[in-house]
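*Asks:* Pasting protein-v2.tsv below, which is TSV, C-alpha atoms.
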chain	number	residue	atom	x	y	z
I	1	MET	CA	0.00	0.00	0.00
I	2	ALA	CA	1.39	3.42	-0.98
I	3	SER	CA	1.70	6.14	1.65
I	4	ALA	CA	1.09	9.87	1.35
I	5	ASP	CA	4.17	10.33	-0.83
I	6	GLY	CA	2.89	7.73	-3.29
I	7	ARG	CA	5.62	5.19	-2.57
I	8	ALA	CA	5.46	1.80	-0.90
I	9	LEU	CA	7.80	-0.81	0.53
I	10	SER	CA	6.95	-4.51	0.29
I	11	GLY	CA	7.90	-6.61	3.29
I	12	GLY	CA	7.39	-9.79	1.28
I	13	GLU	CA	9.86	-8.63	-1.34
I	14	ILE	CA	12.41	-7.71	1.33
I	15	ILE	CA	12.08	-11.18	2.85
I	16	ARG	CA	12.50	-12.79	-0.58
I	17	GLU	CA	15.63	-10.71	-1.12
I	18	ILE	CA	17.00	-11.71	2.29
I	19	THR	CA	16.31	-15.38	1.68
I	20	ALA	CA	17.79	-15.28	-1.80
I	21	SER	CA	20.94	-13.81	-0.26
I	22	GLY	CA	21.52	-16.96	1.73
I	23	ILE	CA	20.54	-15.59	5.12
I	24	GLU	CA	19.92	-18.60	7.38
I	25	PHE	CA	19.42	-16.76	10.69
I	26	VAL	CA	17.61	-13.55	11.58
I	27	VAL	CA	18.58	-12.23	15.01
I	28	SER	CA	16.20	-9.63	16.34
I	29	VAL	CA	14.92	-7.28	18.98
I	30	PRO	CA	11.48	-6.09	17.81
I	31	ASP	CA	11.24	-2.70	16.13
I	32	ILE	CA	7.96	-0.97	15.42
I	33	THR	CA	8.96	0.10	11.90
I	34	THR	CA	9.61	-3.49	10.79
I	35	SER	CA	7.32	-5.32	13.22
I	36	GLU	CA	4.37	-6.11	11.00
I	37	GLY	CA	5.92	-6.14	7.54
I	38	LEU	CA	9.10	-8.09	8.32
I	39	LEU	CA	9.36	-9.62	11.77
I	40	ARG	CA	5.87	-11.04	12.03
I	41	PRO	CA	6.08	-12.90	8.69
I	42	LEU	CA	9.57	-14.13	9.59
I	43	VAL	CA	8.20	-15.64	12.79
I	44	GLN	CA	6.07	-17.96	10.64
I	45	MET	CA	9.03	-19.20	8.60
I	46	SER	CA	11.37	-22.04	9.50
I	47	THR	CA	14.12	-20.60	7.31
I	48	PRO	CA	15.64	-18.22	8.10
I	49	ARG	CA	15.56	-19.28	11.75
I	50	LEU	CA	14.60	-16.44	14.07
I	51	ILE	CA	16.74	-15.95	17.18
I	52	ARG	CA	15.16	-13.56	19.67
I	53	VAL	CA	17.67	-11.63	21.75
I	54	CYS	CA	17.23	-9.47	24.83
I	55	LYS	CA	19.59	-6.73	23.70
I	56	GLU	CA	20.97	-5.78	20.32
I	57	ASP	CA	24.65	-6.13	21.14
I	58	GLU	CA	24.08	-9.80	21.87
I	59	GLY	CA	23.13	-10.04	18.24
I	60	ILE	CA	26.47	-8.63	17.14
I	61	GLY	CA	28.22	-11.48	18.95
I	62	ILE	CA	25.82	-14.12	17.67
I	63	CYS	CA	26.20	-12.97	14.06
I	64	ALA	CA	29.99	-12.96	14.50
I	65	GLY	CA	30.00	-16.53	15.77
I	66	LEU	CA	27.79	-17.61	12.91
I	67	ALA	CA	30.05	-15.85	10.41
I	68	TYR	CA	33.03	-17.94	11.53
I	69	THR	CA	31.00	-21.07	10.82
I	70	GLY	CA	30.15	-19.92	7.30
I	71	LYS	CA	26.49	-19.18	8.09
I	72	ARG	CA	24.91	-15.93	6.96
I	73	ALA	CA	22.86	-13.93	9.44
I	74	LEU	CA	20.92	-10.67	9.56
I	75	LEU	CA	20.49	-8.53	12.67
I	76	LEU	CA	17.02	-6.91	12.53
I	77	ILE	CA	16.79	-4.04	14.99
I	78	GLN	CA	15.82	-0.39	15.52
I	79	GLN	CA	18.22	2.53	15.32
I	80	THR	CA	18.04	2.93	19.10
I	81	GLY	CA	19.53	-0.55	19.37
I	82	LEU	CA	22.16	0.30	16.79
I	83	LEU	CA	23.18	3.30	18.86
I	84	ASP	CA	23.17	1.22	22.03
I	85	SER	CA	25.46	-1.34	20.38
I	86	ILE	CA	28.10	1.07	19.09
I	87	ASN	CA	30.92	-0.43	21.15
I	88	ALA	CA	30.16	-3.97	20.05
I	89	ILE	CA	29.90	-2.85	16.44
I	90	ARG	CA	33.18	-0.97	16.81
I	91	GLY	CA	35.03	-3.94	18.30
I	92	VAL	CA	33.47	-6.93	16.59
I	93	ALA	CA	32.29	-5.69	13.22
I	94	VAL	CA	34.74	-2.93	12.38
I	95	GLU	CA	38.01	-3.70	14.17
I	96	TYR	CA	37.74	-7.46	13.63
I	97	ALA	CA	36.43	-6.91	10.08
I	98	LEU	CA	33.48	-9.28	10.26
I	99	PRO	CA	30.44	-9.40	7.95
I	100	ILE	CA	27.81	-8.19	10.41
I	101	CYS	CA	24.71	-7.35	8.35
I	102	MET	CA	22.23	-5.07	10.07
I	103	MET	CA	18.74	-4.12	8.96
I	104	VAL	CA	17.70	-1.13	10.99
I	105	GLY	CA	14.23	0.35	11.26
I	106	LEU	CA	14.32	4.11	11.62
I	107	LEU	CA	11.86	4.87	14.40
I	108	GLU	CA	9.85	8.03	13.75
I	109	LYS	CA	11.49	8.85	10.44
I	110	GLU	CA	9.09	10.72	8.24
I	111	PRO	CA	8.34	8.69	5.03
I	112	GLY	CA	9.89	10.31	2.00
I	113	VAL	CA	12.27	12.45	4.03
I	114	PRO	CA	15.98	11.53	3.84
I	115	PRO	CA	17.29	10.46	7.25
I	116	ARG	CA	19.72	13.37	7.46
I	117	GLN	CA	16.84	15.81	6.96
I	118	SER	CA	14.55	14.27	9.55
I	119	LYS	CA	13.20	16.52	12.26
I	120	ARG	CA	14.06	13.76	14.72
I	121	TYR	CA	17.52	14.07	16.25
I	122	GLY	CA	17.63	10.31	16.82
I	123	VAL	CA	17.16	9.76	13.09
I	124	ARG	CA	19.41	12.58	11.82
I	125	VAL	CA	22.48	11.34	13.66
I	126	VAL	CA	22.44	7.77	12.36
I	127	GLU	CA	24.12	8.21	8.97
I	128	PRO	CA	26.81	10.63	10.22
I	129	ILE	CA	27.69	8.15	12.97
I	130	LEU	CA	27.97	5.34	10.43
I	131	ASP	CA	30.15	7.60	8.28
I	132	VAL	CA	32.49	8.26	11.21
I	133	MET	CA	32.71	4.51	11.83
I	134	SER	CA	33.37	3.84	8.13
I	135	ILE	CA	30.40	1.49	7.94
I	136	PRO	CA	28.63	1.37	4.58
I	137	TYR	CA	24.87	1.79	4.58
I	138	HIS	CA	21.96	1.79	2.17
I	139	GLU	CA	18.64	3.57	2.46
I	140	VAL	CA	15.69	1.29	1.81
I	141	GLU	CA	12.72	3.59	1.47
I	142	ALA	CA	10.72	2.22	-1.45
I	143	ASP	CA	10.32	-0.94	-3.52
I	144	ALA	CA	12.96	0.25	-5.97
I	145	ASP	CA	15.51	0.12	-3.16
I	146	ILE	CA	14.96	-3.54	-2.29
I	147	ALA	CA	17.31	-4.69	-5.02
I	148	LYS	CA	20.16	-3.06	-3.08
I	149	ILE	CA	19.84	-5.56	-0.26
I	150	GLY	CA	21.18	-8.72	-1.88
I	151	PRO	CA	24.31	-7.13	-3.36
I	152	ALA	CA	24.95	-5.32	-0.06
I	153	ILE	CA	24.87	-8.59	1.86
I	154	ASP	CA	27.03	-10.36	-0.74
I	155	GLU	CA	29.57	-7.56	-0.63
I	156	ALA	CA	29.69	-7.60	3.18
I	157	TYR	CA	30.59	-11.30	3.17
I	158	LYS	CA	32.96	-10.98	0.22
I	159	ALA	CA	34.85	-8.09	1.80
I	160	SER	CA	34.32	-9.30	5.39
I	161	ARG	CA	32.99	-6.03	6.71
I	162	PRO	CA	29.72	-4.77	8.23
I	163	VAL	CA	26.83	-3.21	6.35
I	164	VAL	CA	23.65	-1.45	7.42
I	165	MET	CA	20.33	-1.30	5.58
I	166	LEU	CA	18.24	1.60	6.88
I	167	ILE	CA	14.51	0.90	6.62
I	168	GLY	CA	12.90	4.30	6.17
I	169	ARG	CA	9.21	3.42	6.23
I	170	ARG	CA	7.00	0.63	7.50
I	171	PRO	CA	7.04	-2.27	5.02
I	172	ALA	CA	3.57	-3.47	4.11
W	1	MET	CA	36.68	-21.72	47.22
W	2	MET	CA	38.87	-22.96	44.39
W	3	LYS	CA	41.80	-21.61	42.41
W	4	ARG	CA	40.76	-20.77	38.86
W	5	ASN	CA	43.78	-22.28	37.18
W	6	GLU	CA	43.23	-25.56	39.03
W	7	CYS	CA	39.65	-25.65	37.78
W	8	LEU	CA	40.83	-24.94	34.25
W	9	LYS	CA	43.40	-27.73	34.43
W	10	ALA	CA	40.67	-30.13	35.52
W	11	LEU	CA	38.44	-28.98	32.67
W	12	ALA	CA	41.23	-29.17	30.12
W	13	ARG	CA	41.66	-32.89	30.75
W	14	HIS	CA	38.21	-33.41	29.22
W	15	VAL	CA	38.41	-30.93	26.33
W	16	THR	CA	39.08	-32.51	22.94
W	17	ASP	CA	40.69	-31.17	19.76
W	18	ALA	CA	37.23	-30.74	18.26
W	19	ASP	CA	35.96	-28.45	21.01
W	20	ILE	CA	35.71	-24.68	20.64
W	21	VAL	CA	36.58	-22.78	23.84
W	22	LEU	CA	35.85	-19.10	24.50
W	23	PRO	CA	37.71	-17.87	27.60
W	24	VAL	CA	37.54	-14.21	28.67
W	25	TYR	CA	40.06	-11.75	30.12
W	26	SER	CA	42.15	-13.16	32.99
W	27	THR	CA	40.70	-16.61	32.48
W	28	ALA	CA	41.82	-16.46	28.87
W	29	PHE	CA	45.44	-15.88	29.83
W	30	ASP	CA	45.33	-18.82	32.23
W	31	TRP	CA	43.59	-20.99	29.65
W	32	ILE	CA	45.88	-20.37	26.70
W	33	ASP	CA	48.84	-21.39	28.84
W	34	ILE	CA	47.04	-24.57	29.95
W	35	ARG	CA	45.52	-25.47	26.59
W	36	PRO	CA	47.07	-23.61	23.67
W	37	HIS	CA	44.96	-24.46	20.61
W	38	PRO	CA	43.79	-22.70	17.45
W	39	LEU	CA	40.16	-23.43	18.39
W	40	ASN	CA	40.45	-21.13	21.40
W	41	TYR	CA	38.17	-18.23	20.38
W	42	LEU	CA	39.75	-15.28	22.12
W	43	SER	CA	38.58	-12.12	20.36
W	44	HIS	CA	35.20	-11.07	21.67
W	45	GLY	CA	35.40	-7.38	20.79
W	46	ALA	CA	33.39	-6.08	23.73
W	47	MET	CA	33.09	-7.12	27.36
W	48	GLY	CA	30.27	-9.51	28.09
W	49	LEU	CA	29.76	-10.88	24.60
W	50	ALA	CA	31.64	-14.17	24.80
W	51	SER	CA	28.50	-16.20	25.44
W	52	SER	CA	26.78	-14.48	22.51
W	53	HIS	CA	29.64	-15.37	20.17
W	54	ALA	CA	29.37	-18.88	21.60
W	55	LEU	CA	25.68	-19.08	20.76
W	56	GLY	CA	26.43	-18.17	17.16
W	57	LEU	CA	29.16	-20.77	16.98
W	58	ALA	CA	26.97	-23.40	18.60
W	59	LEU	CA	24.12	-22.75	16.17
W	60	GLY	CA	26.44	-22.75	13.19
W	61	ARG	CA	28.42	-25.84	14.18
W	62	PRO	CA	26.05	-28.17	16.02
W	63	ASP	CA	28.59	-30.96	15.52
W	64	ARG	CA	30.99	-29.40	18.04
W	65	ARG	CA	30.95	-28.63	21.74
W	66	VAL	CA	31.24	-24.91	22.40
W	67	ILE	CA	32.57	-24.08	25.87
W	68	VAL	CA	32.43	-20.56	27.32
W	69	LEU	CA	34.74	-19.66	30.22
W	70	ASP	CA	33.08	-16.45	31.36
W	71	GLY	CA	33.72	-14.04	34.21
W	72	ASP	CA	31.13	-12.89	36.71
W	73	GLY	CA	31.60	-9.22	35.78
W	74	SER	CA	31.34	-10.12	32.13
W	75	LEU	CA	28.15	-12.09	32.63
W	76	LEU	CA	26.58	-9.25	34.60
W	77	MET	CA	27.27	-6.98	31.64
W	78	ASN	CA	25.22	-9.25	29.36
W	79	ILE	CA	22.90	-11.03	31.77
W	80	GLY	CA	20.12	-11.27	29.19
W	81	THR	CA	22.29	-13.78	27.36
W	82	LEU	CA	21.08	-16.41	29.80
W	83	VAL	CA	17.51	-15.90	28.60
W	84	THR	CA	18.50	-15.83	24.94
W	85	ILE	CA	20.54	-19.04	25.18
W	86	ALA	CA	17.84	-20.82	27.17
W	87	GLU	CA	15.31	-20.07	24.45
W	88	ALA	CA	17.61	-21.02	21.58
W	89	ALA	CA	18.59	-24.14	23.58
W	90	PRO	CA	21.70	-25.28	21.70
W	91	PRO	CA	22.50	-28.78	22.99
W	92	ASN	CA	26.23	-28.25	22.40
W	93	LEU	CA	26.78	-25.10	24.48
W	94	PHE	CA	28.46	-25.20	27.92
W	95	HIS	CA	28.68	-21.97	29.91
W	96	PHE	CA	31.16	-21.90	32.79
W	97	VAL	CA	31.41	-18.78	34.96
W	98	CYS	CA	34.47	-18.16	37.11
W	99	GLU	CA	32.92	-16.28	40.01
W	100	ASN	CA	35.65	-14.43	41.87
W	101	GLY	CA	33.59	-11.36	42.80
W	102	THR	CA	35.91	-8.90	41.10
W	103	TYR	CA	36.66	-7.12	37.87
W	104	GLU	CA	40.06	-8.74	37.93
W	105	ALA	CA	41.25	-7.33	34.60
W	106	ASN	CA	40.24	-3.79	35.58
W	107	GLY	CA	41.89	-3.25	38.93
W	108	GLY	CA	40.27	-5.89	41.10
W	109	HIS	CA	37.26	-3.80	42.06
W	110	PRO	CA	34.26	-5.72	43.41
W	111	ILE	CA	31.37	-6.59	41.15
W	112	PRO	CA	28.01	-5.12	42.16
W	113	GLY	CA	26.27	-7.47	44.55
W	114	ARG	CA	29.37	-9.50	45.31
W	115	GLY	CA	28.44	-12.41	47.51
W	116	ASN	CA	24.73	-11.81	47.07
W	117	VAL	CA	24.25	-12.42	43.38
W	118	ASP	CA	23.11	-15.97	42.66
W	119	PHE	CA	24.38	-16.76	39.17
W	120	ALA	CA	23.06	-20.32	39.23
W	121	GLY	CA	19.72	-18.90	40.32
W	122	PHE	CA	19.78	-16.49	37.39
W	123	ALA	CA	20.38	-19.39	35.03
W	124	ARG	CA	17.58	-21.50	36.52
W	125	SER	CA	15.17	-18.57	36.35
W	126	ALA	CA	16.14	-17.97	32.73
W	127	GLY	CA	15.10	-21.50	31.88
W	128	TRP	CA	18.34	-23.49	31.91
W	129	LYS	CA	17.62	-27.12	32.76
W	130	SER	CA	21.15	-28.14	33.67
W	131	VAL	CA	22.71	-25.86	36.29
W	132	HIS	CA	25.62	-26.68	38.60
W	133	GLU	CA	27.71	-24.91	41.27
W	134	PHE	CA	31.10	-25.92	42.60
W	135	ALA	CA	33.23	-24.57	45.43
W	136	ASP	CA	35.27	-27.74	46.03
W	137	LEU	CA	37.95	-28.65	43.51
W	138	GLN	CA	37.89	-32.36	44.25
W	139	ILE	CA	34.17	-32.58	43.57
W	140	PHE	CA	34.52	-30.53	40.40
W	141	GLU	CA	37.31	-32.79	39.17
W	142	GLN	CA	35.09	-35.80	39.75
W	143	GLN	CA	32.09	-34.37	37.91
W	144	VAL	CA	33.40	-32.17	35.09
W	145	GLY	CA	33.70	-35.02	32.60
W	146	ALA	CA	30.09	-36.01	33.15
W	147	LEU	CA	28.97	-32.38	32.83
W	148	LEU	CA	30.52	-32.15	29.40
W	149	ALA	CA	28.65	-35.28	28.35
W	150	GLU	CA	25.26	-33.77	29.24
W	151	ARG	CA	22.85	-32.38	26.69
W	152	GLY	CA	23.22	-28.62	26.73
W	153	PRO	CA	22.87	-25.90	27.33
W	154	VAL	CA	24.70	-26.49	30.62
W	155	PHE	CA	25.52	-23.73	33.11
W	156	VAL	CA	28.31	-24.14	35.67
W	157	ASP	CA	29.20	-21.61	38.38
W	158	LEU	CA	32.74	-22.05	39.70
W	159	LYS	CA	33.41	-20.30	43.01
W	160	VAL	CA	37.04	-19.22	42.75
W	161	VAL	CA	39.39	-16.87	44.56
W	162	ALA	CA	40.64	-13.74	42.84
W	163	SER	CA	44.11	-14.07	41.36
W	164	GLY	CA	45.24	-10.52	42.03
W	165	PRO	CA	47.05	-8.09	39.70
W	166	GLN	CA	48.70	-9.63	36.67
W	167	GLU	CA	50.57	-8.33	33.65
W	168	ARG	CA	48.66	-9.17	30.52
W	169	ASP	CA	49.66	-8.97	26.86
W	170	TYR	CA	46.33	-8.50	25.14
W	171	ALA	CA	47.85	-8.97	21.70
W	172	ARG	CA	47.81	-12.67	22.57
W	173	LEU	CA	44.03	-12.49	22.65
W	174	HIS	CA	43.13	-9.84	20.10
W	175	GLY	CA	45.78	-10.14	17.42
W	176	ALA	CA	44.51	-10.68	13.88
W	177	HIS	CA	46.67	-13.80	13.65
W	178	VAL	CA	44.62	-15.38	16.46
W	179	ARG	CA	41.36	-14.92	14.58
W	180	GLN	CA	42.89	-16.12	11.32
W	181	ALA	CA	44.17	-19.30	12.94
W	182	PHE	CA	40.74	-19.95	14.42
W	183	ARG	CA	38.99	-19.35	11.10
W	184	GLU	CA	41.36	-21.61	9.17
W	185	THR	CA	41.22	-24.44	11.70
W	186	LEU	CA	37.45	-24.40	11.98
W	187	GLY	CA	37.09	-24.19	8.22
W	188	LYS	CA	39.21	-27.29	7.66
W	189	SER	CA	37.25	-29.55	9.94
How would this structure read if it were set down as structure tokens?
*Replies:*
Amino acid sequence: MASADGRALSGGEIIREITASGIEFVVSVPDITTSEGLLRPLVQMSTPRLIRVCKEDEGIGICAGLAYTGKRALLLIQQTGLLDSINAIRGVAVEYALPICMMVGLLEKEPGVPPRQSKRYGVRVVEPILDVMSIPYHEVEADADIAKIGPAIDEAYKASRPVVMLIGRRPA
Amino acid sequence: MMKRNECLKALARHVTDADIVLPVYSTAFDWIDIRPHPLNYLSHGAMGLASSHALGLALGRPDRRVIVLDGDGSLLMNIGTLVTIAEAAPPNLFHFVCENGTYEANGGHPIPGRGNVDFAGFARSAGWKSVHEFADLQIFEQQVGALLAERGPVFVDLKVVASGPQERDYARLHGAHVRQAFRETLGKS
């Protein structure tokens, strides 16, 4: 369903893209942006396996352990959890150069507004922080952006480095 | 109360070449002297996360035992891990905690709640079915082999004395060569 700006984001297509990328585990703390369109359908699936965590930085460790075993994982969280996990991301993902793939719902971001131009401080700071940490990221705001996800995950594993997909509106 | 290195020596007698072991901080330095091995996973990146790395390893390699040698301060920093692991329920994960009541690697300051915190109680409340506590080395030596034969996840609280200040070369834990050796060894087998 399209929103006021005439664009839409399909949760089903995102899940197909994730699955096609070889993701076998989704590690998650619920996020209201992705709750209905991504997490709830994923709960019904046997693959990828959903691992519920109490705190997002646990997920950084879990994804790291899985990476060493050759298994692909996706950490599905909210930007508040990303910010809370900065030290783990710094140590595990960046300094150890591990393919930690994060899909991050941007709580309270206005649909159609670039994250850096959001009126919400907690949204505006996300991309500059990722820039400072030298972590690549991709904005996923509309269906046309979904095709970025697979190559981003492949590149993270090929180069052994983290990547963030920023979900800018609620997937339907 | 037990000495940590004596507990680790007892444990090491039952650890095989196929096992992955994740020791933290001071325990890690003791462990790599007792059991040097490329499948020691030493680079955790942030305090408290060893058991989370272990869960990932256990899920990804269900054919191997994954043994965490945690600290009490480290576990307090990531106490939710007990709930997460209990729900995921990997049968090959073994979580030992060396409870010495101090942040030994950071000046020997006491942990919050020293002497009052019930780590085994935390684990039981989180849903772990197999939970053990030891304060007597002889009893631990007698039982550790059987513990490692149980279906996991298994939680073991080891009551140990603090070791005091020690010089530590953290490059032995965090060097890129350590991670590369682990990756290559795990990938071959």
*Asks:* Please provide the set of residues having any atom within 12 Å of Thr27 of chain W, restricted to only C-alpha atoms, with same-chain residues fewer than 3 positions apart removed, written as a PyMOL selection string.
*Replies:* chain W and resi 3-9+21-24+30-35+40+42+68-72+74+96-100+103-105+160+162-163+166+168+173
*Asks:* Sort by chain and increasing residue number a table of all residues of chain W within 9 Å of chain I, each with its closest pair of atoms and their distance in Å to one decimal, counting only C-alpha atoms, and write it as CSV.
*Replies:*
residue,atom,partner,partner_atom,distance
W:Ser43,CA,I:Val92,CA,8.2
W:His44,CA,I:Val92,CA,6.8
W:Gly45,CA,I:Gly91,CA,4.3
W:Ala46,CA,I:Ala88,CA,5.3
W:Met47,CA,I:Ala88,CA,8.5
W:Gly48,CA,I:Glu58,CA,8.8
W:Leu49,CA,I:Gly61,CA,5.9
W:Ala50,CA,I:Gly61,CA,7.3
W:Ser51,CA,I:Gly61,CA,8.0
W:Ser52,CA,I:Gly61,CA,4.9
W:His53,CA,I:Gly61,CA,4.3
W:Ala54,CA,I:Gly65,CA,6.3
W:Leu55,CA,I:Ile62,CA,5.8
W:Gly56,CA,I:Ile62,CA,4.1
W:Leu57,CA,I:Gly65,CA,4.5
W:Ala58,CA,I:Gly65,CA,8.0
W:Leu59,CA,I:Leu66,CA,7.1
W:Gly60,CA,I:Leu66,CA,5.3
W:Arg61,CA,I:Thr69,CA,6.4
W:Asn78,CA,I:Glu58,CA,7.6
W:Gly80,CA,I:Cys54,CA,5.5
W:Thr81,CA,I:Glu58,CA,7.0
W:Val83,CA,I:Cys54,CA,7.5
W:Thr84,CA,I:Val53,CA,5.3
W:Ile85,CA,I:Val53,CA,8.7
W:Glu87,CA,I:Arg52,CA,8.1
W:Ala88,CA,I:Ile51,CA,6.8
W:His174,CA,I:Tyr96,CA,8.8
W:Ala176,CA,I:Tyr96,CA,7.5
W:Arg179,CA,I:Tyr96,CA,8.3
W:Phe182,CA,I:Tyr68,CA,8.5
W:Arg183,CA,I:Tyr68,CA,6.1
W:Leu186,CA,I:Thr69,CA,7.4
W:Gly187,CA,I:Thr69,CA,7.3
*Asks:* Taking 6 positions as the minimum chain separation for residues in the same chain, which residues sit within 12 Å of segment 144-150 of chain W when counting all atoms listed in the file? Answer as a ChimeraX atom specification.
*Replies:* /W:7-16,19,64-68,90-96,129-134,136-138,156-158
*Asks:* Which one is closest to Leu76 of chain W: W:Ala89, W:Gly101, W:Val154, W:Pro62? Count all atoms listed in the file.
*Replies:*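 Closest residue, counting all atoms listed in the file: W:Gly101.
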*Asks:* Interatomic distance between atom CA of Glu36 of chain I and atom CA of Arg161 of chain I?
*Replies:*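 Calculated distance between atom CA of Glu36 of chain I and atom CA of Arg161 of chain I is 28.9 Å.
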*Asks:* Give me, please, the distance in Å between atom CA of Val164 of chain I and atom CA of Gly11 of chain I, quoted to one decimal.
*Replies:* 17.1 Å
*Asks:* May I ask for the distance between atom CA of Ala126 of chain W and atom CA of Leu98 of chain I, given in Å to one decimal place?
*Replies:*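 Atom CA of Ala126 of chain W sits 29.7 Å away from atom CA of Leu98 of chain I.
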*Asks:* Nearest to Val161 of chain W: which of W:Thr102, W:Ser26, W:Asn116, W:Gln180 is it, counting all atoms listed in the file?
*Replies:*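 Of all the options, W:Thr102 lies closest to Val161 of chain W.
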*Asks:* Give me the residues near Leu106 of chain I as an mmCIF file with C-alpha atoms, in the frame of the given file, where near means some atom within 8 Å (using only C-alpha atoms) and where sequence neighbours in that chain fewer than 2 positions away do not count.
*Replies:*
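Wrote it out as result.cif, contents follow:
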data_model
loop_
_atom_site.group_PDB
_atom_site.id
_atom_site.type_symbol
_atom_site.label_atom_id
_atom_site.label_comp_id
_atom_site.auth_asym_id
_atom_site.auth_seq_id
_atom_site.Cartn_x
_atom_site.Cartn_y
_atom_site.Cartn_z
ATOM 1 C CA THR I 33 8.960 0.100 11.900
ATOM 2 C CA GLN I 78 15.820 -0.390 15.520
ATOM 3 C CA GLN I 79 18.220 2.530 15.320
ATOM 4 C CA VAL I 104 17.700 -1.130 10.990
ATOM 5 C CA GLU I 108 9.850 8.030 13.750
ATOM 6 C CA LYS I 109 11.490 8.850 10.440
ATOM 7 C CA VAL I 123 17.160 9.760 13.090
ATOM 8 C CA LEU I 166 18.240 1.600 6.880
ATOM 9 C CA ILE I 167 14.510 0.900 6.620
ATOM 10 C CA GLY I 168 12.900 4.300 6.170
ATOM 11 C CA ARG I 169 9.210 3.420 6.230
#
*Asks:* Do you know which residues are at most 9 Å from Gly12 of chain I counting all atoms listed in the file, after dropping those on the same chain fewer than 5 positions away, and could you put them as a ChimeraX atom specification?
*Replies:* /I:17,37-38,41,171-172
*Asks:* Nearest residue to Arg7 of chain I out of I:Ile129, I:Val163, I:Ala142, I:Ile149, using only C-alpha atoms?
*Replies:*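 Of all the options, I:Ala142 lies closest to Arg7 of chain I.
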*Asks:* When distances are computed from only C-alpha atoms, which of I:Asp5, I:Glu155, I:Val43, I:Ile77 shows the smallest separation from Val113 of chain I?
*Replies:*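 Closest candidate: I:Asp5.
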